[in-house]
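See below for the structure under consideration.
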Amino acid sequence: LPTSPFRFGRMEKRQSRIKKNWTLGKFERSVSVSESYLFTSGSQINEKQGSPQIQIKPTRLQSDSHHRNNEWANHTELQDVDVVEVAVETAISTAKDNDYLKGFINKITEPDVRLSCTVVGAEVSAQKGDKKNWYCSVGILHTQHLKNPLVQKKNLSDWKKEGLISEVFTTSQQPDCRWDESLEISISKPADEYLVIEVWNQEKPNGEDPTGSKGSKKKQKESSYLGRMFYCLKPVSSDAVTKTLDLFSHSVKHKRGNIDLLLSIKGTDAEKGSLLGRLKEHRALVTKIVVHESKEDARRRGVEDNLPPWDGQMDPAAESLIKFHAQFRSLSDFHQTAVRFSVLFSYHKANTLQLSVLSSIVDSISKLPIDPNRSDSAERTLLLQLFNELQEFLTLILNVLNNHLVNFDIKSSSSVENLKEHLLLVKKLYSMEEFVNSLPSNFRSSTAVIETAIQKSIVSWYSMYATSLSVASSNELEENSDETLAALSGIFKHVLNECNALKENVAPIFMKLFEVDYLAHIFLTLNSHFEHVARLLKSISTSKVSNEEHLLGVTYQLYLTFQALKQLSQASVKRFPGEQQLNSYHLWFIHFVTRWINLATAKCKKGIIEAIKNDEAIAMTEDVGYSSSLVDTMTLFHNMVVFWKHLQWPDPEKAYSYLSVLIISIAEAALYYVVEVYKKADQCFSTDGKLIATVQLCTILNNMQTIRDKLSPPELLSDEIGDTKPVGIIDELGLQEFFDWLEQEKGIGLKLKEFVNRTMHNTADDISNKMSTGIFHLEKQYIPAVQKFIEEILLKHGGALSVENLQYLEEYFNTNLTVLSKNLLYPTFKLVLRKVWEATLRIFMEIGDTHLTKPSQWQACRNIALSLKEYFRADGEGLVDDDLDSPAFKAFLFDVDRRSQPTNILVLKCCSDLAAQQTMAVDLPTKQQQFGELSLTIGYLKTSSVIEVKVLEARNIPVNKTCYMPYVELQMLPGILFLDNPNESYTTKKYKQQTQNPQFRETFQIPSHSSIMQLEGTILSLVASNYDATGKDHFLGLCVVPCNIIPHCIDASELGRSSMMLNIPLFHITTSGVFLELVTRHQRSDEVASQLYTTFIKKLKANL
């Protein structure tokens, strides 16, 4: 950074100007940069003192402070000279109580570089005025101010006022432009500074000083500007050289003359200083500061005798001083960083430094451009020394990594982070290409170096287990082989835990930073023992052991251990010898799998027996509707599920057979539980005639329902219980992926899936049947109990069933259904409630057929049923609409509606039903019309109020050899509407030929009122019959014509034109509920029903 162009002794004179400008905000940005460097990370400004001071907190500074300081230095290189001045002044004020820093500051800030400028003379163009007094103004301008508008438009005096230059030097006034005056001006960096000289002409008043003393301001305005010149000081050396330079106007468009100068640079650095000398001086400074700061840190912490690892943080004033010295001596970032690393690394070897300090410096070095072919010998010497120290540093890190499994706790996050920091340092060092090229050939590959460190570390780690593994593997033929196997299992389990920790915490770091497969090296060491384990398992599987259960438990745990080791090996990218042997680990245990499943099944059945034995069929809590035996059984099933999930047998065909055995075992265990627990249900029915269901019965049904849901295939669950679908055992086993794998590998996945679903479905059906048996017993007791209760109500109220009786029914239902709703799980409760609802409807129908004879009584029964429907809905807590509006309820409602209607209404409905059947017969294709058809014309004559019907013929009627006289009988229905002669009918002559197409050609006039003609249900019936020799009539078919479609005519003349021609198919009646109800009422001597039966229904009896 450029320094002040005046000696430090004159600093106090500038401080007043700096403080003034500070208040004006000119240095706001520069000072904020300085403050962010000087007063952060544990430092504070003590504003109670007259000037800012640094107070060091006892806490450590952040490890990246050096990196921030470099950024500050790089940034301030672009600032103007005032930034440096502020930084220096701040350093002085903060170090005023630090004697060793003050000595360095006084030495550094002595200006050694000076410009010697002799102004010889100038040749200028003529100016106005008789007397000419020529003088020159001289100043030093920094490069960064060249493009400032003030430089282009104003003069040196204005530049000084604005702070662009620090001082203006003026020559004496001469009339002939010959001065021969020498000036010495302090400068900082000649390459960044320009010499500026302005030539002026002024009439010099007597007794006044032209340099600007009292009264000169007024006269200064009378001075005339001639021109000026700019000259970069970069080419100027210690040897004096004469320069003739042109003078130009402000706009640089007009040449105004030239000026002769004699220039040279004097000072220590310019005359005799060298880079090597400046580096030695900087190293000495940094060394002294580091020694002093580390001791101060130890003193503050009270550990002066045994120095702990130092964090490398120094007093901000000391850091500022180091930066200032480096830039004052024109040292680059590379020079500063190399010197700092050398000093701190030397300190580290002697006293130990925190790793983060050197890591930060290495990071800075890796980001700097390094040219190994530097021309300067001092540069080459510095670079060679840096590479040697970095190589020594790398060796220290590798020595730590060679024993990292011993030196670091791989299960501790802080220890792993420390290991990662060492590896990152290696990564940073190997990122510097020039440094890597300087290493020996066997050290130039970071991957090879890291792999060597891993191998050395694993050797130390593995030695702890190798002896135990060797002893355990060699005892395979001894009598205590099961104990040997248990010891081997424990060793490998411990190794597995260590490997898992390495995989999770260590291996990803090595892979990410160096693409080194850590796990491959571990399995390389374990490979030698795999064959021993295989031979030991084979010998044990064929030998007799004293404790089979213990052996199976140990082998199963060992199987799981090797399964996990194989999964770890699959995470390894690099292949290793013996991998194929580990991939076939399951074959070592092939003789044990069926024995494992049999043992699990036996334990499950034993556990079920014990659970049912201790079960009192009481719900465990109010929120849980099942008993303790179910909980125990479900736990046993869960253990079998966990066993299968852990097994993960890799051979598809064997896995197929193992799963089949497991599914059958689970199904048999479930059925065994249901059968045994149902035996307790026989003791759970009430016999008092009032309370039908007990809490114990509900609990047992809940147990059975839960087991059924557990074993049901998913599609069966979704159909029956909707949103309350539990997780079935098929889902718990995760079989879908297993089925897909089998199908892909061997094409047997779908076959196995069908077998599993069928087995589970059959088991669920068997359980449902058992549940149905229990519910049937409940229903069997329920129906007679409710029927008896309702009959008692009827007896109490004179055989009448009215809405007033509803409260007695609801009280009775509350007594029983409350027990069910509180104690049954929803799916079972819903199933039972549905059965109760349907049974209730059947009870009403049976009681109605026995006791109810009047339509009003049936209407009361209907109202009670509708009220009970809402009762069973229970505000959304009971049955849903699909259950309530079941086919049974619809049939019940239809029958009740039919039985509650008056007979005359039923007659109209019967006629409407006949008209509907006629429409269906008309819509049938001709080939399906089996009974032939009638041809007729029909019309209504208003003037005489008669229906004129002309029966023309019948076609395709059935022929019977014994029946040879067909005829047609006409009748208006319902007869009750035709009060004049309700029973009157009209018959054609009997056609005495045996044919399918008899010709009648007869006309009939049937009286009828026009108002009746428009009523829905009024029809004209035409019954075709055949008369045999014995005098009996045989029904051939029926057709009807709705009266509301018969055309109306005014008189007989219009009737011929407007009458309707019909070809109507004959049909046989489909007996409806209304029709049967009329027959029933005829049997009960209902007058209207008997009238219809006698005049019409009786004729159709053969058809019925």
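Chain lettering (A, B, ...) mirrors the order of the structure tokens, residue numbering begins at 1 for each chain separately, and ligand numbering begins at 1 in order of display.
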**Message:** Using DSSP secondary structure from the backbone, list all helix (DSSP H, G or I) positions within stretch 328-451 of chain A, as a PyMOL selection string.
**Reply:** chain A and resi 328+333-351+355-367+377-401+404-407+413-430+433-437+441-443+446-451
**Request:** Would you mind listing what lies within 9 Å of A:Val593 as a VMD selection string, with only C-alpha atoms counted and same-chain residues fewer than 4 positions away left out?
**Result:** chain A and resid 556 589 597 to 598 647 658
Resulting file, chosen residues, all heavy atoms, as a PDB file, in the first residue's frame:
```pdb
ATOM      1  N   TYR A 556     -28.705 -68.875  13.583  1.00  0.00           N
ATOM      2  CA  TYR A 556     -29.528 -67.813  12.987  1.00  0.00           C
ATOM      3  C   TYR A 556     -28.870 -66.444  13.165  1.00  0.00           C
ATOM      4  O   TYR A 556     -28.832 -65.626  12.237  1.00  0.00           O
ATOM      5  CB  TYR A 556     -30.918 -67.832  13.612  1.00  0.00           C
ATOM      6  CG  TYR A 556     -31.854 -66.790  13.046  1.00  0.00           C
ATOM      7  CD1 TYR A 556     -32.218 -66.799  11.710  1.00  0.00           C
ATOM      8  CD2 TYR A 556     -32.363 -65.782  13.861  1.00  0.00           C
ATOM      9  CE1 TYR A 556     -33.068 -65.851  11.190  1.00  0.00           C
ATOM     10  CE2 TYR A 556     -33.215 -64.819  13.356  1.00  0.00           C
ATOM     11  CZ  TYR A 556     -33.572 -64.856  12.020  1.00  0.00           C
ATOM     12  OH  TYR A 556     -34.412 -63.900  11.503  1.00  0.00           O
ATOM     13  N   PHE A 589     -25.767 -72.223   5.421  1.00  0.00           N
ATOM     14  CA  PHE A 589     -26.845 -72.382   6.400  1.00  0.00           C
ATOM     15  C   PHE A 589     -28.052 -73.121   5.818  1.00  0.00           C
ATOM     16  O   PHE A 589     -29.115 -73.128   6.449  1.00  0.00           O
ATOM     17  CB  PHE A 589     -27.303 -70.999   6.896  1.00  0.00           C
ATOM     18  CG  PHE A 589     -26.232 -70.181   7.535  1.00  0.00           C
ATOM     19  CD1 PHE A 589     -25.411 -69.337   6.785  1.00  0.00           C
ATOM     20  CD2 PHE A 589     -26.024 -70.236   8.905  1.00  0.00           C
ATOM     21  CE1 PHE A 589     -24.424 -68.573   7.379  1.00  0.00           C
ATOM     22  CE2 PHE A 589     -25.038 -69.474   9.511  1.00  0.00           C
ATOM     23  CZ  PHE A 589     -24.234 -68.645   8.745  1.00  0.00           C
ATOM     24  N   ILE A 597     -37.705 -72.596  10.742  1.00  0.00           N
ATOM     25  CA  ILE A 597     -39.142 -72.375  10.558  1.00  0.00           C
ATOM     26  C   ILE A 597     -39.937 -73.304  11.475  1.00  0.00           C
ATOM     27  O   ILE A 597     -40.921 -72.886  12.113  1.00  0.00           O
ATOM     28  CB  ILE A 597     -39.538 -72.602   9.085  1.00  0.00           C
ATOM     29  CG1 ILE A 597     -38.850 -71.563   8.188  1.00  0.00           C
ATOM     30  CG2 ILE A 597     -41.053 -72.510   8.916  1.00  0.00           C
ATOM     31  CD1 ILE A 597     -39.109 -71.750   6.709  1.00  0.00           C
ATOM     32  N   ASN A 598     -39.524 -74.565  11.573  1.00  0.00           N
ATOM     33  CA  ASN A 598     -40.224 -75.508  12.446  1.00  0.00           C
ATOM     34  C   ASN A 598     -40.138 -75.073  13.898  1.00  0.00           C
ATOM     35  O   ASN A 598     -41.122 -75.185  14.656  1.00  0.00           O
ATOM     36  CB  ASN A 598     -39.633 -76.908  12.275  1.00  0.00           C
ATOM     37  CG  ASN A 598     -39.905 -77.475  10.894  1.00  0.00           C
ATOM     38  OD1 ASN A 598     -40.861 -77.073  10.221  1.00  0.00           O
ATOM     39  ND2 ASN A 598     -39.073 -78.418  10.461  1.00  0.00           N
ATOM     40  N   LEU A 647     -34.735 -63.039   6.987  1.00  0.00           N
ATOM     41  CA  LEU A 647     -34.165 -64.177   6.272  1.00  0.00           C
ATOM     42  C   LEU A 647     -33.628 -63.762   4.903  1.00  0.00           C
ATOM     43  O   LEU A 647     -32.465 -64.017   4.571  1.00  0.00           O
ATOM     44  CB  LEU A 647     -35.207 -65.285   6.125  1.00  0.00           C
ATOM     45  CG  LEU A 647     -34.716 -66.598   5.492  1.00  0.00           C
ATOM     46  CD1 LEU A 647     -33.660 -67.249   6.366  1.00  0.00           C
ATOM     47  CD2 LEU A 647     -35.883 -67.541   5.264  1.00  0.00           C
ATOM     48  N   TYR A 658     -39.618 -72.099   1.162  1.00  0.00           N
ATOM     49  CA  TYR A 658     -39.585 -71.626   2.550  1.00  0.00           C
ATOM     50  C   TYR A 658     -40.814 -70.775   2.862  1.00  0.00           C
ATOM     51  O   TYR A 658     -41.428 -70.913   3.932  1.00  0.00           O
ATOM     52  CB  TYR A 658     -38.314 -70.838   2.825  1.00  0.00           C
ATOM     53  CG  TYR A 658     -37.044 -71.663   2.749  1.00  0.00           C
ATOM     54  CD1 TYR A 658     -35.833 -71.086   2.373  1.00  0.00           C
ATOM     55  CD2 TYR A 658     -37.043 -73.024   3.042  1.00  0.00           C
ATOM     56  CE1 TYR A 658     -34.663 -71.839   2.298  1.00  0.00           C
ATOM     57  CE2 TYR A 658     -35.883 -73.786   2.971  1.00  0.00           C
ATOM     58  CZ  TYR A 658     -34.704 -73.190   2.587  1.00  0.00           C
ATOM     59  OH  TYR A 658     -33.555 -73.925   2.509  1.00  0.00           O
TER      60      TYR A 658
END
```
**Message:** Nearest residue to A:Tyr812 out of A:Lys830, A:Arg898, A:Lys234, A:Lys788, using only C-alpha atoms?
**Reply:** A:Lys788
Per-residue nearest contacts stretch 282-375 of chain A to stretch 391-395 of chain A, cut-off 10 Å, using only C-alpha atoms, as a Markdown table:
```
| residue | atom | partner | partner_atom | distance |
| --- | --- | --- | --- | --- |
| A:Phe345 | CA | A:Phe393 | CA | 7.9 |
| A:His348 | CA | A:Phe393 | CA | 9.9 |
| A:Lys349 | CA | A:Phe393 | CA | 9.5 |
| A:Leu358 | CA | A:Phe393 | CA | 9.3 |
```
Residues of the last selection are to be written out with N, CA and C atoms, as an mmCIF file, in the first residue's frame.
```cif
data_model
loop_
_atom_site.group_PDB
_atom_site.id
_atom_site.type_symbol
_atom_site.label_atom_id
_atom_site.label_comp_id
_atom_site.auth_asym_id
_atom_site.auth_seq_id
_atom_site.Cartn_x
_atom_site.Cartn_y
_atom_site.Cartn_z
ATOM 1 N N PHE A 345 4.942 -23.055 10.852
ATOM 2 C CA PHE A 345 5.295 -24.475 10.821
ATOM 3 C C PHE A 345 6.499 -24.741 11.732
ATOM 4 N N HIS A 348 5.135 -24.884 15.060
ATOM 5 C CA HIS A 348 4.386 -26.124 15.269
ATOM 6 C C HIS A 348 5.319 -27.280 15.633
ATOM 7 N N LYS A 349 6.443 -27.360 14.980
ATOM 8 C CA LYS A 349 7.382 -28.444 15.264
ATOM 9 C C LYS A 349 7.968 -28.321 16.666
ATOM 10 N N LEU A 358 -2.625 -24.069 10.270
ATOM 11 C CA LEU A 358 -1.837 -24.436 9.097
ATOM 12 C C LEU A 358 -2.740 -24.781 7.925
#
```
**Request:** Choose the residue, out of A:Thr694, A:Glu1087, A:Asn547, A:Glu745, that has the smallest atom-to-atom separation from A:Ile618; count only C-alpha atoms.
**Result:** A:Thr694
**Message:** Nearest residue to A:Asp881 out of A:Ile1069, A:Ser768, A:Gln917, A:Arg834, using only C-alpha atoms?
**Reply:**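 For A:Asp881, the nearest of the given residues is A:Arg834.
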**Prompt:** Nearest to A:Leu502 among A:Phe514, A:Trp596, A:Trp461, A:Phe892, with distances taken over only C-alpha atoms: which residue is it?
**Reply:**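 Of the candidates, the smallest distance to A:Leu502 is held by A:Trp461.
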**Item:** Separation of atom CA of A:Val196 from atom CA of A:Gly139 in Å
**Value:**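 Value for the atom CA of A:Gly139-atom CA of A:Val196 distance: 5.4 Å.
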**Message:** Could you tell me how far atom CA of A:Asp849 sits from atom CA of A:Leu866, in Å to one decimal place?
**Reply:**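 Computing the Euclidean distance for atom CA of A:Leu866 and atom CA of A:Asp849 yields 18.7 Å.
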**Asked** Which neighbours of A:Arg283 fall inside 10 Å, counting only C-alpha atoms, when residues of the same chain fewer than 5 positions from it are skipped, and could you give them as a PyMOL selection string?
**Response** chain A and resi 277-278+288-289+322+326+335-336+338-340+342-343
Residue selection dump (all heavy atoms) as a compact mmCIF listing (two decimals), in the first residue's frame:
```
# COMPACT_ATOMS: atom_id res chain seq x y z
N GLY A 277 16.56 -9.52 1.16
CA GLY A 277 16.69 -8.75 2.39
C GLY A 277 15.34 -8.40 2.97
O GLY A 277 15.13 -8.46 4.18
N ARG A 278 14.39 -8.00 2.08
CA ARG A 278 13.06 -7.65 2.58
C ARG A 278 12.34 -8.87 3.16
O ARG A 278 11.61 -8.77 4.13
CB ARG A 278 12.23 -7.03 1.44
CG ARG A 278 12.66 -5.61 1.10
CD ARG A 278 11.87 -5.06 -0.06
NE ARG A 278 12.42 -5.53 -1.34
CZ ARG A 278 11.70 -5.82 -2.41
NH1 ARG A 278 10.39 -5.70 -2.35
NH2 ARG A 278 12.27 -6.22 -3.52
N LYS A 288 9.19 -12.72 15.60
CA LYS A 288 9.15 -12.06 16.91
C LYS A 288 7.71 -11.89 17.38
O LYS A 288 7.39 -12.11 18.56
CB LYS A 288 9.85 -10.70 16.83
CG LYS A 288 11.37 -10.82 16.65
CD LYS A 288 12.01 -9.45 16.59
CE LYS A 288 13.54 -9.57 16.40
NZ LYS A 288 14.18 -8.23 16.31
N ILE A 289 6.83 -11.50 16.45
CA ILE A 289 5.42 -11.29 16.84
C ILE A 289 4.78 -12.62 17.24
O ILE A 289 4.03 -12.71 18.23
CB ILE A 289 4.65 -10.61 15.69
CG1 ILE A 289 5.16 -9.17 15.52
CG2 ILE A 289 3.15 -10.63 15.97
CD1 ILE A 289 4.51 -8.43 14.39
N ILE A 322 1.90 -6.43 10.63
CA ILE A 322 2.50 -7.37 9.68
C ILE A 322 2.05 -7.05 8.26
O ILE A 322 2.85 -7.03 7.32
CB ILE A 322 2.12 -8.81 10.06
CG1 ILE A 322 2.79 -9.20 11.39
CG2 ILE A 322 2.53 -9.79 8.97
CD1 ILE A 322 2.34 -10.54 11.93
N ALA A 326 4.50 -5.73 5.17
CA ALA A 326 4.63 -6.48 3.92
C ALA A 326 4.35 -5.59 2.72
O ALA A 326 5.07 -5.64 1.70
CB ALA A 326 3.67 -7.68 3.93
N HIS A 335 4.61 -13.90 -1.16
CA HIS A 335 5.71 -13.70 -0.21
C HIS A 335 5.20 -13.76 1.23
O HIS A 335 5.77 -14.45 2.08
CB HIS A 335 6.39 -12.35 -0.46
CG HIS A 335 7.00 -12.25 -1.83
ND1 HIS A 335 7.08 -11.05 -2.51
CD2 HIS A 335 7.55 -13.18 -2.65
CE1 HIS A 335 7.66 -11.25 -3.67
NE2 HIS A 335 7.96 -12.54 -3.78
N GLN A 336 4.11 -13.05 1.47
CA GLN A 336 3.57 -12.99 2.84
C GLN A 336 3.13 -14.37 3.32
O GLN A 336 3.45 -14.79 4.44
CB GLN A 336 2.37 -12.04 2.88
CG GLN A 336 2.70 -10.61 2.47
CD GLN A 336 1.43 -9.77 2.39
OE1 GLN A 336 0.64 -9.75 3.32
NE2 GLN A 336 1.23 -9.08 1.28
N ALA A 338 3.98 -17.40 2.19
CA ALA A 338 5.09 -18.34 2.34
C ALA A 338 5.86 -18.09 3.64
O ALA A 338 6.24 -19.03 4.36
CB ALA A 338 6.03 -18.23 1.14
N VAL A 339 6.11 -16.80 3.95
CA VAL A 339 6.83 -16.47 5.18
C VAL A 339 6.00 -16.87 6.40
O VAL A 339 6.52 -17.47 7.36
CB VAL A 339 7.17 -14.97 5.21
CG1 VAL A 339 7.67 -14.56 6.59
CG2 VAL A 339 8.22 -14.65 4.15
N ARG A 340 4.70 -16.58 6.36
CA ARG A 340 3.85 -16.91 7.50
C ARG A 340 3.81 -18.43 7.73
O ARG A 340 3.88 -18.89 8.87
CB ARG A 340 2.45 -16.37 7.30
CG ARG A 340 1.51 -16.64 8.46
CD ARG A 340 0.15 -16.03 8.22
NE ARG A 340 0.18 -14.60 8.40
CZ ARG A 340 -0.37 -13.95 9.44
NH1 ARG A 340 -0.94 -14.63 10.40
NH2 ARG A 340 -0.31 -12.64 9.52
N SER A 342 6.08 -20.63 6.90
CA SER A 342 7.39 -21.07 7.38
C SER A 342 7.54 -20.81 8.87
O SER A 342 8.00 -21.67 9.62
CB SER A 342 8.51 -20.35 6.60
OG SER A 342 9.77 -20.73 7.08
N VAL A 343 7.13 -19.62 9.31
CA VAL A 343 7.27 -19.27 10.72
C VAL A 343 6.36 -20.14 11.58
O VAL A 343 6.78 -20.71 12.60
CB VAL A 343 6.95 -17.78 10.92
CG1 VAL A 343 6.90 -17.44 12.41
CG2 VAL A 343 7.99 -16.91 10.21
```
**Top pick for closest residue to A:Thr763, considering A:Phe334, A:Phe492, A:Phe435, A:Tyr673 and counting only C-alpha atoms** = A:Tyr673
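Across the structure, atom CA of A:Ile1064 and atom CA of A:Ser985 are spaced 19.5 Å apart.
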**Message:** Please identify the strand (DSSP E or B) residues within stretch 261-404 of chain A (assignment by DSSP from backbone atoms) and present them as a list of chain:residue names.
**Reply:** A:Leu261, A:Leu262, A:Leu263, A:Ser264, A:Ile265, A:Lys266, A:Trp310, A:Leu353
**Asked** If you count only C-alpha atoms, which residues fall within 12 Å of A:Trp741, apart from same-chain ones fewer than 3 positions away, as a PyMOL selection string?
**Response** chain A and resi 648-653+655-656+734-738+744-750+752-753
